[in-house]
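**Q** What follows is model_25.cif, made up of mmCIF, C-alpha atoms:
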```
data_upload
loop_
_atom_site.label_atom_id
_atom_site.label_comp_id
_atom_site.auth_asym_id
_atom_site.auth_seq_id
_atom_site.Cartn_x
_atom_site.Cartn_y
_atom_site.Cartn_z
CA MET A 1 111.96 110.88 146.70
CA ALA A 2 109.07 108.42 146.63
CA ALA A 3 108.10 106.91 149.94
CA VAL A 4 108.49 103.18 150.41
CA VAL A 5 105.00 101.96 151.19
CA PRO A 6 104.46 98.22 151.47
CA GLU A 7 101.20 96.89 150.10
CA ASP A 8 99.70 93.43 150.02
CA ASP A 9 98.92 92.09 146.55
CA GLY A 10 96.96 89.16 147.94
CA ALA A 11 99.91 86.81 148.29
CA THR A 12 103.14 88.77 148.64
CA ALA A 13 103.92 92.13 150.22
CA VAL A 14 104.92 94.70 147.61
CA ALA A 15 106.80 97.97 148.19
CA VAL A 16 106.97 100.89 145.77
CA ARG A 17 110.08 103.08 145.94
CA GLU A 18 112.28 105.28 143.80
CA PHE A 19 114.74 103.58 141.48
CA ASP A 20 118.36 103.97 142.64
CA GLY A 21 120.47 104.67 139.56
CA HIS A 22 123.67 104.29 141.56
CA CYS A 23 122.79 100.78 142.72
CA ASP A 24 124.14 97.95 140.55
CA ARG A 25 121.46 95.64 141.91
CA ASP A 26 118.65 97.99 140.81
CA ARG A 27 120.11 98.44 137.33
CA ALA A 28 120.58 94.70 136.83
CA ALA A 29 117.08 93.93 138.12
CA VAL A 30 115.48 96.44 135.74
CA GLU A 31 117.41 94.95 132.80
CA ARG A 32 116.14 91.46 133.72
CA LEU A 33 112.59 92.76 133.98
CA GLU A 34 112.79 94.51 130.59
CA ARG A 35 114.05 91.30 128.97
CA ALA A 36 111.15 89.37 130.45
CA CYS A 37 108.49 91.79 129.15
CA GLU A 38 107.37 92.06 125.55
CA VAL A 39 106.15 95.30 124.01
CA GLY A 40 103.23 95.21 121.59
CA PRO A 41 99.77 93.73 121.11
CA SER A 42 98.85 90.93 123.48
CA GLY A 43 98.34 87.43 122.16
CA GLY A 44 100.71 87.73 119.21
CA LYS A 45 103.87 85.75 118.59
CA LEU A 46 106.07 88.63 117.48
CA CYS A 47 107.44 90.72 120.34
CA LEU A 48 109.59 93.84 120.42
CA PHE A 49 112.30 93.85 123.06
CA THR A 50 114.28 96.86 124.20
CA ASP A 51 117.93 96.92 125.22
CA LEU A 52 118.48 100.06 127.32
CA LEU A 53 122.26 99.81 126.95
CA GLY A 54 122.77 99.80 130.70
CA ASP A 55 120.80 103.02 131.32
CA PRO A 56 117.24 102.36 132.59
CA LEU A 57 116.61 106.13 132.62
CA CYS A 58 117.53 106.68 128.97
CA ARG A 59 113.94 107.44 127.87
CA VAL A 60 113.39 110.19 130.44
CA ARG A 61 116.90 111.39 131.30
CA HIS A 62 116.75 114.32 128.88
CA SER A 63 113.39 115.64 130.12
CA PRO A 64 113.17 118.74 132.36
CA ALA A 65 112.03 116.70 135.40
CA TYR A 66 111.76 112.93 135.67
CA LEU A 67 111.28 110.06 138.11
CA MET A 68 111.47 106.27 137.95
CA LEU A 69 109.68 104.02 140.42
CA VAL A 70 110.08 100.29 141.05
CA ALA A 71 107.89 97.75 142.79
CA GLU A 72 109.55 95.09 144.92
CA ALA A 73 108.01 91.85 146.16
CA ALA A 74 109.18 90.50 149.50
CA GLY A 75 111.45 87.50 149.44
CA GLY A 76 108.82 85.06 150.69
CA PRO A 77 108.49 83.06 153.93
CA LEU A 78 112.15 81.99 153.89
CA GLY A 79 113.34 85.58 153.84
CA GLY A 80 115.09 85.69 150.47
CA ALA A 81 116.16 88.87 148.70
CA PRO A 82 113.33 91.12 147.47
CA GLU A 83 112.42 90.70 143.79
CA LEU A 84 111.88 93.69 141.51
CA VAL A 85 108.55 92.98 139.81
CA GLY A 86 107.47 96.32 138.31
CA VAL A 87 108.77 99.60 136.99
CA VAL A 88 107.39 102.85 135.63
CA ARG A 89 108.92 106.11 134.41
CA GLY A 90 107.49 109.59 134.30
CA CYS A 91 108.46 113.12 133.34
CA VAL A 92 106.95 116.60 133.57
CA LYS A 93 107.21 119.40 131.03
CA THR A 94 105.30 122.37 129.64
CA VAL A 95 103.67 121.96 126.22
CA ALA A 96 101.33 123.79 123.87
CA CYS A 97 97.67 122.84 124.06
CA GLY A 98 97.12 123.10 120.32
CA ARG A 99 94.32 124.84 118.45
CA GLY A 100 96.96 127.14 116.95
CA SER A 101 96.98 129.21 120.13
CA SER A 102 99.73 130.29 122.52
CA LEU A 103 98.18 128.43 125.46
CA PHE A 104 100.58 126.17 127.37
CA SER A 105 99.98 123.65 130.12
CA LYS A 106 102.20 121.71 132.48
CA VAL A 107 101.75 118.05 131.63
CA ALA A 108 103.14 114.75 132.81
CA TYR A 109 104.00 111.82 130.58
CA LEU A 110 103.88 108.29 131.97
CA LEU A 111 105.87 105.64 130.11
CA GLY A 112 107.74 102.37 130.38
CA LEU A 113 105.25 100.63 132.67
CA ARG A 114 106.34 97.03 133.10
CA VAL A 115 105.17 94.26 135.43
CA SER A 116 106.87 90.86 135.43
CA PRO A 117 104.73 88.13 133.83
CA GLY A 118 104.51 86.16 137.09
CA HIS A 119 103.09 89.11 139.05
CA ARG A 120 100.45 90.48 136.68
CA ARG A 121 96.76 90.89 137.51
CA ARG A 122 97.62 91.71 141.14
CA GLY A 123 97.18 95.47 140.97
CA ILE A 124 100.91 96.25 140.87
CA GLY A 125 100.67 98.24 137.65
CA ARG A 126 97.84 100.37 139.03
CA ARG A 127 99.79 101.06 142.23
CA LEU A 128 102.81 102.19 140.25
CA VAL A 129 100.62 104.53 138.19
CA GLU A 130 98.97 105.99 141.29
CA ARG A 131 102.30 106.62 143.02
CA MET A 132 103.67 108.27 139.89
CA GLU A 133 100.59 110.48 139.70
CA GLU A 134 101.25 111.64 143.26
CA TRP A 135 104.65 112.89 142.12
CA PHE A 136 103.08 114.50 139.03
CA ARG A 137 100.76 116.51 141.28
CA GLN A 138 103.64 117.53 143.53
CA MET A 139 105.39 118.87 140.42
CA GLY A 140 102.34 120.95 139.51
CA ALA A 141 101.23 118.95 136.46
CA GLU A 142 97.68 119.71 135.34
CA TYR A 143 97.33 116.68 133.06
CA ALA A 144 98.93 113.27 132.68
CA TYR A 145 99.00 111.27 129.47
CA VAL A 146 100.25 107.89 128.36
CA ALA A 147 100.81 106.22 124.98
CA THR A 148 100.05 102.58 124.36
CA ASP A 149 99.47 100.33 121.38
CA ARG A 150 95.86 100.60 120.29
CA ASP A 151 95.58 96.79 120.20
CA ASN A 152 97.14 96.24 123.64
CA GLU A 153 93.84 95.54 125.37
CA PRO A 154 95.23 94.88 128.89
CA SER A 155 97.10 98.20 128.83
CA VAL A 156 94.12 100.16 127.46
CA ARG A 157 91.86 98.54 130.05
CA LEU A 158 94.25 99.39 132.90
CA PHE A 159 94.40 103.09 132.06
CA THR A 160 90.81 103.72 130.95
CA ALA A 161 88.87 101.40 133.28
CA ARG A 162 91.03 101.42 136.42
CA CYS A 163 93.13 104.58 136.40
CA GLY A 164 90.62 107.13 135.11
CA TYR A 165 92.24 108.04 131.79
CA ALA A 166 90.23 108.92 128.68
CA LYS A 167 91.08 108.02 125.09
CA PHE A 168 92.47 111.18 123.55
CA ARG A 169 94.57 110.94 120.37
CA THR A 170 95.36 108.18 117.85
CA PRO A 171 98.70 108.96 116.17
CA SER A 172 100.49 106.47 113.96
CA VAL A 173 104.08 105.29 114.24
CA LEU A 174 105.41 105.10 110.67
CA VAL A 175 108.56 103.02 110.14
CA HIS A 176 110.71 102.53 107.07
CA PRO A 177 113.68 100.15 106.77
CA VAL A 178 117.05 101.53 105.77
CA PHE A 179 118.19 100.20 102.37
CA ARG A 180 121.65 100.10 100.88
CA HIS A 181 120.33 102.38 98.14
CA ASP A 182 118.69 105.79 98.34
CA LEU A 183 114.93 106.13 98.47
CA ALA A 184 113.39 107.16 95.17
CA PRO A 185 113.38 110.96 94.80
CA SER A 186 110.26 113.04 94.24
CA ARG A 187 108.96 112.67 90.70
CA SER A 188 108.12 116.27 89.94
CA GLY A 189 109.89 119.52 90.54
CA ARG A 190 113.34 120.24 91.92
CA LEU A 191 113.72 120.42 95.68
CA ALA A 192 116.53 121.36 98.02
CA VAL A 193 117.16 120.33 101.64
CA VAL A 194 118.85 122.94 103.82
CA GLU A 195 120.27 122.26 107.29
CA LEU A 196 119.47 124.87 109.92
CA ALA A 197 121.61 125.93 112.87
CA PRO A 198 119.95 125.10 116.23
CA ARG A 199 119.04 128.75 116.93
CA ASP A 200 117.52 129.17 113.47
CA ALA A 201 115.65 125.90 113.88
CA GLU A 202 114.29 127.06 117.25
CA ARG A 203 113.00 130.28 115.75
CA LEU A 204 111.34 128.52 112.83
CA TYR A 205 109.68 126.00 115.14
CA ARG A 206 108.42 128.61 117.59
CA GLU A 207 107.00 130.86 114.88
CA ARG A 208 105.51 128.20 112.61
CA LEU A 209 104.78 125.18 114.86
CA GLY A 210 104.57 126.76 118.32
CA GLY A 211 100.80 126.28 118.44
CA VAL A 212 100.87 122.58 117.52
CA GLU A 213 99.51 120.28 120.21
CA PHE A 214 102.22 119.02 122.63
CA PHE A 215 104.88 121.37 121.23
CA PRO A 216 107.47 121.59 124.07
CA ARG A 217 108.15 125.03 125.48
CA ASP A 218 111.82 124.04 125.95
CA ILE A 219 112.30 123.23 122.27
CA ASP A 220 115.71 124.88 122.51
CA ALA A 221 116.84 122.14 124.92
CA VAL A 222 115.58 119.48 122.52
CA LEU A 223 117.36 120.93 119.50
CA SER A 224 120.64 121.47 121.34
CA ASN A 225 120.72 117.96 122.81
CA ALA A 226 123.65 115.81 121.66
CA LEU A 227 121.21 113.18 120.38
CA SER A 228 119.58 115.66 118.00
CA LEU A 229 121.43 115.24 114.72
CA GLY A 230 120.12 118.34 112.98
CA THR A 231 117.10 120.18 111.65
CA PHE A 232 116.39 120.31 107.93
CA VAL A 233 113.98 122.31 105.81
CA ALA A 234 112.85 121.26 102.33
CA VAL A 235 112.04 124.03 99.87
CA PRO A 236 111.86 124.52 96.12
CA ALA A 237 115.39 124.59 94.70
CA ALA A 238 115.01 128.20 93.58
CA THR A 239 114.42 129.25 97.21
CA ALA A 240 117.62 127.60 98.46
CA ARG A 241 120.01 128.93 95.81
CA PRO A 242 121.14 131.04 97.40
CA TRP A 243 119.69 130.37 100.87
CA ARG A 244 119.11 133.79 102.40
CA GLY A 245 118.69 132.62 105.98
CA VAL A 246 115.81 131.88 108.29
CA ASP A 247 114.84 135.56 108.67
CA ALA A 248 114.15 135.86 104.95
CA PHE A 249 112.38 132.51 104.97
CA LEU A 250 110.02 133.53 107.77
CA ALA A 251 109.38 136.93 106.22
CA SER A 252 108.48 135.44 102.85
CA PRO A 253 108.13 131.63 102.90
CA PRO A 254 107.74 129.72 99.65
CA GLY A 255 104.36 128.40 98.61
CA SER A 256 105.22 124.97 100.00
CA TRP A 257 107.84 123.84 102.50
CA ALA A 258 108.48 121.25 105.20
CA VAL A 259 110.74 120.97 108.23
CA ALA A 260 111.91 118.04 110.38
CA SER A 261 114.64 117.13 112.83
CA VAL A 262 116.45 113.82 113.38
CA TRP A 263 117.01 112.18 116.79
CA ASN A 264 119.60 109.47 117.36
CA CYS A 265 117.76 106.77 119.31
CA LYS A 266 120.51 104.34 118.30
CA ASP A 267 122.85 105.69 120.99
CA ALA A 268 120.14 105.62 123.68
CA PHE A 269 118.62 102.15 123.25
CA ARG A 270 118.40 99.23 120.84
CA LEU A 271 115.41 97.22 119.69
CA GLU A 272 115.02 93.59 118.68
CA VAL A 273 112.15 91.66 117.08
CA ARG A 274 111.76 88.18 118.55
CA GLY A 275 109.48 85.29 117.71
CA ALA A 276 109.73 85.54 113.91
CA PRO A 277 109.46 82.22 112.03
CA ARG A 278 112.60 80.92 110.33
CA LEU A 279 110.96 81.40 106.94
CA TRP A 280 110.60 85.12 107.62
CA ARG A 281 114.23 85.39 108.64
CA ALA A 282 115.35 83.56 105.52
CA ALA A 283 113.20 85.75 103.29
CA ALA A 284 114.63 88.88 104.92
CA ARG A 285 118.19 87.63 104.27
CA ALA A 286 117.29 87.03 100.64
CA THR A 287 116.03 90.60 100.19
CA ARG A 288 119.26 91.97 101.65
CA ALA A 289 121.33 89.81 99.34
CA ALA A 290 119.36 91.08 96.34
CA ASP A 291 119.80 94.68 97.53
CA ARG A 292 123.57 94.20 97.80
CA ALA A 293 123.82 92.61 94.38
CA LEU A 294 121.55 94.95 92.46
CA SER A 295 121.93 98.32 94.21
CA PRO A 296 121.80 101.08 93.28
CA TRP A 297 120.44 100.30 89.85
CA LEU A 298 117.18 98.46 90.57
CA ARG A 299 116.42 99.83 94.05
CA VAL A 300 115.34 96.45 95.42
CA PRO A 301 113.42 96.89 98.71
CA SER A 302 115.07 94.90 101.48
CA VAL A 303 114.27 93.98 105.07
CA PRO A 304 117.13 94.83 107.44
CA ASN A 305 118.13 92.38 110.14
CA LEU A 306 115.65 93.30 112.84
CA PHE A 307 116.02 89.94 114.59
CA GLU A 308 119.08 91.01 116.52
CA PRO A 309 119.57 94.32 118.40
CA PHE A 310 119.35 97.25 116.00
CA GLY A 311 119.41 101.04 116.16
CA MET A 312 116.85 103.56 114.98
CA HIS A 313 116.68 107.20 113.99
CA PHE A 314 113.53 109.16 114.84
CA LEU A 315 112.18 111.97 112.67
CA TYR A 316 110.55 114.55 114.93
CA GLY A 317 109.08 118.04 114.57
CA LEU A 318 107.71 117.21 111.13
CA GLY A 319 105.64 120.11 109.87
CA GLY A 320 105.09 122.34 106.89
CA ALA A 321 102.64 124.24 104.76
CA GLY A 322 101.40 124.45 101.21
CA PRO A 323 99.93 122.04 98.67
CA ASP A 324 103.31 120.40 98.00
CA ALA A 325 104.22 119.97 101.67
CA PRO A 326 103.79 116.16 101.56
CA ARG A 327 106.29 116.02 98.69
CA MET A 328 108.65 118.18 100.72
CA ALA A 329 108.19 115.82 103.66
CA ARG A 330 109.20 112.90 101.45
CA ALA A 331 112.42 114.74 100.54
CA LEU A 332 113.17 115.12 104.26
CA CYS A 333 112.49 111.42 104.86
CA ARG A 334 114.86 110.56 102.02
CA HIS A 335 117.54 112.75 103.62
CA ALA A 336 116.94 111.12 107.03
CA HIS A 337 117.23 107.69 105.39
CA ASN A 338 120.68 108.60 104.07
CA LEU A 339 121.79 109.86 107.49
CA ALA A 340 120.59 106.65 109.13
CA ARG A 341 122.41 104.47 106.62
CA ALA A 342 125.66 106.35 107.21
CA ALA A 343 125.25 105.93 110.99
CA GLY A 344 124.39 102.23 110.84
CA ALA A 345 120.77 102.60 111.96
CA ARG A 346 118.44 100.04 110.42
CA VAL A 347 115.11 101.86 110.51
CA VAL A 348 113.80 105.43 110.43
CA ALA A 349 110.60 106.10 112.37
CA THR A 350 108.30 109.04 112.92
CA GLU A 351 104.94 109.55 114.62
CA VAL A 352 102.21 111.70 113.12
CA GLY A 353 98.68 112.67 114.00
CA ALA A 354 95.75 110.82 112.52
CA CYS A 355 94.75 113.82 110.39
CA ASP A 356 98.21 115.20 109.64
CA PRO A 357 98.30 116.14 105.94
CA LEU A 358 102.06 115.42 105.77
CA ARG A 359 101.65 111.73 106.57
CA ALA A 360 100.81 111.16 102.90
CA GLY A 361 104.40 112.05 102.07
CA VAL A 362 106.07 109.79 104.65
CA PRO A 363 107.33 106.53 103.09
CA HIS A 364 106.71 103.61 105.45
CA TRP A 365 106.03 99.91 105.67
CA PRO A 366 102.68 99.36 107.46
CA ARG A 367 103.75 96.03 108.95
CA LEU A 368 106.68 97.65 110.74
CA GLY A 369 104.64 100.47 112.27
CA ALA A 370 102.01 100.70 114.97
CA GLU A 371 98.77 102.48 115.72
CA ASP A 372 99.11 104.30 119.00
CA LEU A 373 96.47 105.38 121.48
CA TRP A 374 97.20 108.35 123.73
CA CYS A 375 95.10 108.51 126.87
CA ILE A 376 94.86 111.59 129.10
CA LYS A 377 93.75 112.41 132.63
CA ARG A 378 93.07 115.70 134.35
CA LEU A 379 95.13 115.88 137.56
CA ALA A 380 94.63 119.35 139.01
CA ASP A 381 91.88 119.64 141.60
CA GLY A 382 89.68 122.68 141.18
CA TYR A 383 91.34 123.64 137.91
CA GLY A 384 89.14 126.20 136.18
CA ASP A 385 88.23 125.83 132.54
CA GLY A 386 89.72 129.24 131.70
CA ALA A 387 90.75 130.00 128.14
CA LEU A 388 91.78 126.40 127.52
CA GLY A 389 88.77 124.61 128.89
CA ASP A 390 89.05 120.95 129.74
CA TRP A 391 91.79 119.74 127.40
CA THR A 392 90.70 116.12 127.80
CA LYS A 393 87.54 117.00 125.82
CA ALA A 394 89.23 119.01 123.07
CA PRO A 395 88.85 117.72 119.50
CA PRO A 396 92.08 116.68 117.75
CA GLY A 397 93.95 119.10 115.55
CA GLY A 398 95.65 118.33 112.29
CA SER A 399 99.14 117.80 113.71
CA ILE A 400 100.78 116.65 116.90
CA PHE A 401 104.32 117.17 118.19
CA VAL A 402 106.00 114.00 119.48
CA ASP A 403 108.87 114.77 121.84
CA PRO A 404 111.85 112.57 120.85
CA ARG A 405 113.22 112.57 124.39
CA GLU A 406 110.55 110.11 125.51
CA PHE A 407 109.86 108.20 122.31
#
```
Could you express the structure from this file as structure tokens?
**A**
Amino acid sequence: MAAVVPEDDGATAVAVREFDGHCDRDRAAVERLERACEVGPSGGKLCLFTDLLGDPLCRVRHSPAYLMLVAEAAGGPLGGAPELVGVVRGCVKTVACGRGSSLFSKVAYLLGLRVSPGHRRRGIGRRLVERMEEWFRQMGAEYAYVATDRDNEPSVRLFTARCGYAKFRTPSVLVHPVFRHDLAPSRSGRLAVVELAPRDAERLYRERLGGVEFFPRDIDAVLSNALSLGTFVAVPAATARPWRGVDAFLASPPGSWAVASVWNCKDAFRLEVRGAPRLWRAAARATRAADRALSPWLRVPSVPNLFEPFGMHFLYGLGGAGPDAPRMARALCRHAHNLARAAGARVVATEVGACDPLRAGVPHWPRLGAEDLWCIKRLADGYGDGALGDWTKAPPGGSIFVDPREF
């Protein structure tokens, strides 16, 4: 439980406390704050809004340990009701430190920092971060990290200049709209996509991707979560007919393969693009009309209606090996696209490392995606370098594991 400590922001007393999920007033206030805050680069007209579907904890609820803090401003000289002016979420978990090793570290992830537009530049965001870091240390976290849009200068400045974080990784969010027709199949070779049972998927991930940076030690909890729609492996058709099971696969994998899992963000939150010109909206409607009229014969690319709340599927745990792995990854993306269409999701997204060789096989529309910046901070006092060394100074690896529970 976070202590309620009033602080003076220069004009109004501000208190930081734990969010009360059982309080209707807290839930309503957080929803109002989220609606008032845009997500994305500063200074632009297009903004991405998030509808949390009545659950402000939806982006951390499935993590091993989590906390949500709110900042309240006093009601003013006339003694009105306090106003919720800031919020932040955080979670703690154990992840792999990369380099293909079996080294794990307890890390904290800070996300969902929001400050109401009328109370910015008063130090409220920094106070929320500092209070959350106190809880991280109490939970034994050795590092804290945060993801922000690379072009969001106020956010980058807050974490790097004021909160002591260092720029660490630059993954890309790749997004593809869901069409009425299937994505074009791979042009060469016959491939097969096989669905794995959760226990088989866990074994494959631990043996083949367990050393990837940020791989969660509790991958079994991720794969068995109700929001995880399945794990799929793409292999040459000859390998899958018949499929001899994951034991045979691990004992003698094909020359190229890829694996990925699908997470149902659609049932956790919805997104909405606001601020688009009418011409853009009209053009998007025209592409959808052409897709309806000409599918599946001409495979006309279309822009789904992103200007009202829409759902998304997230492709996580993307990995593989071999020279044809990018082509295998494309087959998995095509399969995920079909799942999303059947479920009514309008986009499929994934996030990959800057040097991930499989990103070449991920179909995406650059204008729908984003370039992320992950910043990291060492929390543990007196932490020895040990076998890991200072992780904040480690060079990036080829791949990165993005936990879907906090995407």
**Q** Near Phe136 (chain A), within 10 Å and counting only C-alpha atoms, which residues show up once chain neighbours fewer than 3 positions away are dropped, as a count of residues only?
**A** 23
**Q** Kindly give the distance, in Å, that separates CA of Ala354 (chain A) and CA of His313 (chain A), rounded to a single decimal.
**A**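 Here the two named atoms are 21.3 Å from each other.
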**Q** Show which residues sit within 10 Å of Ala342 (chain A), as number ranges by chain. Count all atoms listed in the file, and ignore same-chain residues fewer than 4 positions away.
**A** A: 178, 180, 336-338
**Q** Closest to Leu128 (chain A) among A:Cys47, A:Leu191, A:Leu113, A:Leu318, using only C-alpha atoms?
**A**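 Of A:Cys47, A:Leu191, A:Leu113, A:Leu318, the one nearest Leu128 (chain A), counting only C-alpha atoms, is A:Leu113.
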**Q** Report as a VMD selection string the full result of the PyMOL selection byres ((chain A and resi 158-164) around 12) when it is applied to this structure.
**A** chain A and resid 110 to 111 113 120 to 133 143 to 148 152 to 157 165 to 168 373 to 379 392
**Q** Next, dump the selected residues to file, keeping only C-alpha atoms, as a short mmCIF file (atom, residue, chain, number, x, y, z; two decimals), keeping the file's coordinate frame.
**A**
```
data_model
loop_
_atom_site.label_atom_id
_atom_site.label_comp_id
_atom_site.auth_asym_id
_atom_site.auth_seq_id
_atom_site.Cartn_x
_atom_site.Cartn_y
_atom_site.Cartn_z
CA LEU A 110 103.88 108.29 131.97
CA LEU A 111 105.87 105.64 130.11
CA LEU A 113 105.25 100.63 132.67
CA ARG A 120 100.45 90.48 136.68
CA ARG A 121 96.76 90.89 137.51
CA ARG A 122 97.62 91.71 141.14
CA GLY A 123 97.18 95.47 140.97
CA ILE A 124 100.91 96.25 140.87
CA GLY A 125 100.67 98.24 137.65
CA ARG A 126 97.84 100.37 139.03
CA ARG A 127 99.79 101.06 142.23
CA LEU A 128 102.81 102.19 140.25
CA VAL A 129 100.62 104.53 138.19
CA GLU A 130 98.97 105.99 141.29
CA ARG A 131 102.30 106.62 143.02
CA MET A 132 103.67 108.27 139.89
CA GLU A 133 100.59 110.48 139.70
CA TYR A 143 97.33 116.68 133.06
CA ALA A 144 98.93 113.27 132.68
CA TYR A 145 99.00 111.27 129.47
CA VAL A 146 100.25 107.89 128.36
CA ALA A 147 100.81 106.22 124.98
CA THR A 148 100.05 102.58 124.36
CA ASN A 152 97.14 96.24 123.64
CA GLU A 153 93.84 95.54 125.37
CA PRO A 154 95.23 94.88 128.89
CA SER A 155 97.10 98.20 128.83
CA VAL A 156 94.12 100.16 127.46
CA ARG A 157 91.86 98.54 130.05
CA TYR A 165 92.24 108.04 131.79
CA ALA A 166 90.23 108.92 128.68
CA LYS A 167 91.08 108.02 125.09
CA PHE A 168 92.47 111.18 123.55
CA LEU A 373 96.47 105.38 121.48
CA TRP A 374 97.20 108.35 123.73
CA CYS A 375 95.10 108.51 126.87
CA ILE A 376 94.86 111.59 129.10
CA LYS A 377 93.75 112.41 132.63
CA ARG A 378 93.07 115.70 134.35
CA LEU A 379 95.13 115.88 137.56
CA THR A 392 90.70 116.12 127.80
#
```
**Q** List the residues selected by the PyMOL selection byres ((chain A and resi 60-62) around 6) in the file shown, writing them as a PyMOL selection string.
**A** chain A and resi 57-59+63+405-406
**Q** Please enumerate the residues selected by the PyMOL selection byres ((chain A and resi 208-222) around 7) when evaluated against the supplied file, formatted as a ChimeraX atom specification.
**A** /A:94-102,202,204-207,223-225,399-401
**Q** Output C-alpha atoms for every residue in that selection, as a PDB file, in the coordinates of the input.
**A**
```pdb
ATOM      1  CA  THR A  94     105.300 122.370 129.640  1.00  0.00           C
ATOM      2  CA  VAL A  95     103.670 121.960 126.220  1.00  0.00           C
ATOM      3  CA  ALA A  96     101.330 123.790 123.870  1.00  0.00           C
ATOM      4  CA  CYS A  97      97.670 122.840 124.060  1.00  0.00           C
ATOM      5  CA  GLY A  98      97.120 123.100 120.320  1.00  0.00           C
ATOM      6  CA  ARG A  99      94.320 124.840 118.450  1.00  0.00           C
ATOM      7  CA  GLY A 100      96.960 127.140 116.950  1.00  0.00           C
ATOM      8  CA  SER A 101      96.980 129.210 120.130  1.00  0.00           C
ATOM      9  CA  SER A 102      99.730 130.290 122.520  1.00  0.00           C
ATOM     10  CA  GLU A 202     114.290 127.060 117.250  1.00  0.00           C
ATOM     11  CA  LEU A 204     111.340 128.520 112.830  1.00  0.00           C
ATOM     12  CA  TYR A 205     109.680 126.000 115.140  1.00  0.00           C
ATOM     13  CA  ARG A 206     108.420 128.610 117.590  1.00  0.00           C
ATOM     14  CA  GLU A 207     107.000 130.860 114.880  1.00  0.00           C
ATOM     15  CA  LEU A 223     117.360 120.930 119.500  1.00  0.00           C
ATOM     16  CA  SER A 224     120.640 121.470 121.340  1.00  0.00           C
ATOM     17  CA  ASN A 225     120.720 117.960 122.810  1.00  0.00           C
ATOM     18  CA  SER A 399      99.140 117.800 113.710  1.00  0.00           C
ATOM     19  CA  ILE A 400     100.780 116.650 116.900  1.00  0.00           C
ATOM     20  CA  PHE A 401     104.320 117.170 118.190  1.00  0.00           C
TER      21      PHE A 401
END
```
**Q** Would you compute the distance between CA of Pro363 (chain A) and CA of Arg346 (chain A)? Give it in Å to one decimal.
**A**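 About the pair CA of Pro363 (chain A) and CA of Arg346 (chain A): they are 14.8 Å apart.
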**Q** Select, from A:Asp372, A:Asp381, A:Asp390, A:Asp324, the residue with the minimum atom-to-atom distance to Gly353 (chain A), counting only C-alpha atoms.
**A**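 With only C-alpha atoms as the atom set, the closest residue is A:Asp372.
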**Q** Phe310 (chain A): which residues within 12 Å, counting all atoms listed in the file, same-chain residues fewer than 3 positions away excluded, as an mmCIF file with C-alpha atoms, keeping the file's coordinate frame?
**A**
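Written output follows (result.cif):
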```
data_model
loop_
_atom_site.group_PDB
_atom_site.id
_atom_site.type_symbol
_atom_site.label_atom_id
_atom_site.label_comp_id
_atom_site.auth_asym_id
_atom_site.auth_seq_id
_atom_site.Cartn_x
_atom_site.Cartn_y
_atom_site.Cartn_z
ATOM 1 C CA LEU A 48 109.590 93.840 120.420
ATOM 2 C CA PHE A 49 112.300 93.850 123.060
ATOM 3 C CA THR A 50 114.280 96.860 124.200
ATOM 4 C CA ASP A 51 117.930 96.920 125.220
ATOM 5 C CA LEU A 52 118.480 100.060 127.320
ATOM 6 C CA LEU A 53 122.260 99.810 126.950
ATOM 7 C CA PRO A 177 113.680 100.150 106.770
ATOM 8 C CA VAL A 178 117.050 101.530 105.770
ATOM 9 C CA CYS A 265 117.760 106.770 119.310
ATOM 10 C CA LYS A 266 120.510 104.340 118.300
ATOM 11 C CA ASP A 267 122.850 105.690 120.990
ATOM 12 C CA ALA A 268 120.140 105.620 123.680
ATOM 13 C CA PHE A 269 118.620 102.150 123.250
ATOM 14 C CA ARG A 270 118.400 99.230 120.840
ATOM 15 C CA LEU A 271 115.410 97.220 119.690
ATOM 16 C CA GLU A 272 115.020 93.590 118.680
ATOM 17 C CA VAL A 273 112.150 91.660 117.080
ATOM 18 C CA PRO A 304 117.130 94.830 107.440
ATOM 19 C CA ASN A 305 118.130 92.380 110.140
ATOM 20 C CA LEU A 306 115.650 93.300 112.840
ATOM 21 C CA PHE A 307 116.020 89.940 114.590
ATOM 22 C CA HIS A 313 116.680 107.200 113.990
ATOM 23 C CA ALA A 340 120.590 106.650 109.130
ATOM 24 C CA ALA A 343 125.250 105.930 110.990
ATOM 25 C CA GLY A 344 124.390 102.230 110.840
ATOM 26 C CA ALA A 345 120.770 102.600 111.960
ATOM 27 C CA ARG A 346 118.440 100.040 110.420
ATOM 28 C CA VAL A 347 115.110 101.860 110.510
ATOM 29 C CA VAL A 348 113.800 105.430 110.430
#
```
**Q** For the atom pair CA of Thr231 (chain A) and CA of Trp263 (chain A), what is the interatomic distance in Å to one decimal place?
**A**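 Here the two named atoms are 9.5 Å from each other.
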**Q** Counting only C-alpha atoms, I want the residues whose atoms come within 6 Å of (119.9, 113.2, 118.4) in the file frame, returned as a PDB file with C-alpha atoms, in the frame of the given file.
**A**
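Result file selection26.pdb:
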```pdb
ATOM      1  CA  ALA A 226     123.650 115.810 121.660  1.00  0.00           C
ATOM      2  CA  LEU A 227     121.210 113.180 120.380  1.00  0.00           C
ATOM      3  CA  SER A 228     119.580 115.660 118.000  1.00  0.00           C
ATOM      4  CA  LEU A 229     121.430 115.240 114.720  1.00  0.00           C
ATOM      5  CA  TRP A 263     117.010 112.180 116.790  1.00  0.00           C
ATOM      6  CA  ASN A 264     119.600 109.470 117.360  1.00  0.00           C
TER       7      ASN A 264
END
```
**Q** Can you pull out the residues contacting Arg244 (chain A)? Cut-off 12 Å, using only C-alpha atoms, and skip same-chain residues under 5 positions away; I want them as a PyMOL selection string.
**A** chain A and resi 194+196+238-239+249-253
